[in-house]
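See below for the structure under consideration.
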Amino acid sequence: MPLPPWYRRWLELLGMGLALLAVGGCATVVRQAMGEVKAPNRIFLHANPQPGDYALYENEEGSYQMRREVVAVDGDRVELQTTFPKTPAIIAAMRDVSFHSQVRRDGSVIQAFMHNAKTGATVPMMLAGPNDYGYLAENPFTALSVPETVTTRQGSTTVDKVVVFRQSVALPGVESHTTSVWYYDPHVKFGLVRQYNLTESDASIVEVAGFINRISPIGQLYRSLSSFLIERSRHHTYSSRMDLVESN
């Protein structure tokens, strides 16, 4: 995905999968847990990306951060790395993880993989396709032109592209639908200035508990993950926002 993008709901579920990987240390289990998480097929790139270009994003509560950086440039290919300097305790394992994407200058992603610095494990990721969570159709960043001033901790900027789309994700026992509004200014690193997400989710408690029990039949871990998922996944609606807070 961006990634990333790297959304709260997606990250919670992903983080729990990563936590299981850290506990189990089994490559097979890692791939199974990551099977539903696909990298985005397109990422907005600013003009003339250079190694070291970066952008840092943070949620409203200040509990979660995502950092994207240009690692290397080779002709038409740009290598990106996405990390998570700050995460809630429940997904603390994300701090050891980085997502890497090879991207053409037009924004299309060629390949992606996930790397765990703590364990040294590297897992290839499939790219999102039509109907997958994280999929962006052709030329999504020119979907709507609406000049508007957005003010974040980074300062004020006039966005000229607004992308609106709806995505769904279905994991064992959990189904979520997210409507997203992304504000872009092509003059800042990676373009993205602000994103809003409105998420609706439903869960089958029986399926959730069964899924966790299958991948992690470990007493205390099973109980804590089950409780967390059951509490967070009953039908509800919530909104979230992330802003650009730092870039070079």
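Each chain in the structure tokens gets a letter, A, B, ..., in the order shown, and its residues are numbered from 1; ligands are numbered from 1 in order too.
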
At a cut-off of 9 Å, using only C-alpha atoms, what residues contact range 56-66 of chain A? Leave out same-chain residues fewer than 5 positions from it and give the result as a PDB file with C-alpha atoms, in the first residue's frame.
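Written output follows (selection33.pdb):
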ATOM      1  CA  PRO A   4       1.090   2.461   3.698  1.00  0.00           C
ATOM      2  CA  PRO A   5      -0.279   4.201   4.350  1.00  0.00           C
ATOM      3  CA  TRP A   6       0.300   2.984   6.132  1.00  0.00           C
ATOM      4  CA  ARG A   8      -5.839   2.681  12.540  1.00  0.00           C
ATOM      5  CA  THR A  82       7.900   3.415   5.690  1.00  0.00           C
ATOM      6  CA  THR A  83       8.411   3.113   9.442  1.00  0.00           C
ATOM      7  CA  PHE A  84       6.350   3.723  12.572  1.00  0.00           C
ATOM      8  CA  PRO A  85       8.364   5.709  15.171  1.00  0.00           C
ATOM      9  CA  LYS A  86       5.455   5.864  17.615  1.00  0.00           C
ATOM     10  CA  THR A  87       2.655   3.311  18.109  1.00  0.00           C
ATOM     11  CA  PRO A  88       0.153   2.405  20.845  1.00  0.00           C
ATOM     12  CA  VAL A 193      -1.068  16.747   3.804  1.00  0.00           C
ATOM     13  CA  ARG A 194      -4.061  15.330   5.663  1.00  0.00           C
ATOM     14  CA  SER A 240      -9.709   9.365  12.605  1.00  0.00           C
ATOM     15  CA  ARG A 241      -7.335  11.910  11.138  1.00  0.00           C
ATOM     16  CA  MET A 242      -3.632  12.031  10.322  1.00  0.00           C
ATOM     17  CA  ASP A 243      -1.663  15.168   9.463  1.00  0.00           C
ATOM     18  CA  LEU A 244       1.713  15.943   7.982  1.00  0.00           C
ATOM     19  CA  VAL A 245       3.727  17.242  10.954  1.00  0.00           C
ATOM     20  CA  GLU A 246       7.312  17.310   9.629  1.00  0.00           C
ATOM     21  CA  SER A 247       9.222  17.056   6.341  1.00  0.00           C
TER      22      SER A 247
END

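Distances to Gln167 in chain A were evaluated for A:Pro40, A:Arg104, A:Ala55, A:Arg95 using only C-alpha atoms, and the minimum falls at A:Pro40.
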
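Take the candidates A:Thr199, A:Leu192, A:Asn48, A:Ile110 and check each one against Arg68 in chain A using only C-alpha atoms; the shortest distance goes to A:Leu192.
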
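Taking only C-alpha atoms, the non-local environment of Glu69 in chain A within 8 Å (same-chain residues fewer than 5 positions away omitted) comprises Pro51, Gly52, Asp53, Tyr54, Ala55, Leu80, Gln81 and Thr82 of chain A.
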
> Which parts of range 79-156 of chain A does DSSP call helix (DSSP H, G or I) when run on the backbone here, written out as a ChimeraX atom specification?
Replying inline: /A:89-96,140-142

>> Using only C-alpha atoms for the distances, tell me which of A:Val146, A:Ala117, A:Val109, A:Val70 is nearest to Gly129 in chain A.
In response: A:Val109

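When the distance limit is 7 Å and only C-alpha atoms are what count, the residues near Tyr184 in chain A, minus those fewer than 4 positions from it on the same chain, are Val159, Asp160, Lys161, Val162, Gly191, Leu192 and Val193 of chain A.
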
Next, the residues of the selection above should be written as a CSV table (one decimal), in the first residue's frame with C-alpha atoms.
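Once written, selection14.csv looks like this:
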chain,number,residue,atom,x,y,z
A,159,VAL,CA,-4.2,21.6,-1.4
A,160,ASP,CA,-5.3,21.2,-5.0
A,161,LYS,CA,-6.2,17.6,-5.1
A,162,VAL,CA,-8.7,15.8,-3.0
A,191,GLY,CA,2.0,15.1,-1.5
A,192,LEU,CA,-0.2,14.0,1.3
A,193,VAL,CA,-1.1,16.7,3.8

> So which bits of range 106-211 of chain A end up strand (DSSP E) when you DSSP the backbone, as a PyMOL selection string?
Replying inline: chain A and resi 109-116+122-125+148-152+155-159+161-171+174-184+192-203

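Straight-line separation from CA of Gly134 in chain A to CA of Asn41 in chain A: 7.3 Å.
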
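One distance worth recording is that between CA of Ser101 in chain A and CA of Ser168 in chain A, which is 22.4 Å.
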
Name all residues at most 6 Å from Asn116 in chain A (count only C-alpha atoms; drop same-chain ones fewer than 5 positions away) and give them as a PDB file with C-alpha atoms, in the first residue's frame.
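Contents of part-v4.pdb, freshly written:
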ATOM      1  CA  ASP A  96      10.561  -2.943  14.628  1.00  0.00           C
ATOM      2  CA  VAL A  97       8.924  -3.178  11.220  1.00  0.00           C
ATOM      3  CA  ALA A 121      12.783 -11.625   8.804  1.00  0.00           C
TER       4      ALA A 121
END

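Between CA of Gly120 in chain A and CA of Ala92 in chain A lies a distance of 16.8 Å.
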
>> When you count only C-alpha atoms, which of these residues is closest to His46 in chain A: A:Phe99, A:Phe165, A:Phe190, A:Phe141?
In response: A:Phe190

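Minimum distance to Gly155 in chain A across A:Asn197, A:Val188, A:Ala112, A:Asp202 (counting only C-alpha atoms) occurs at A:Val188.
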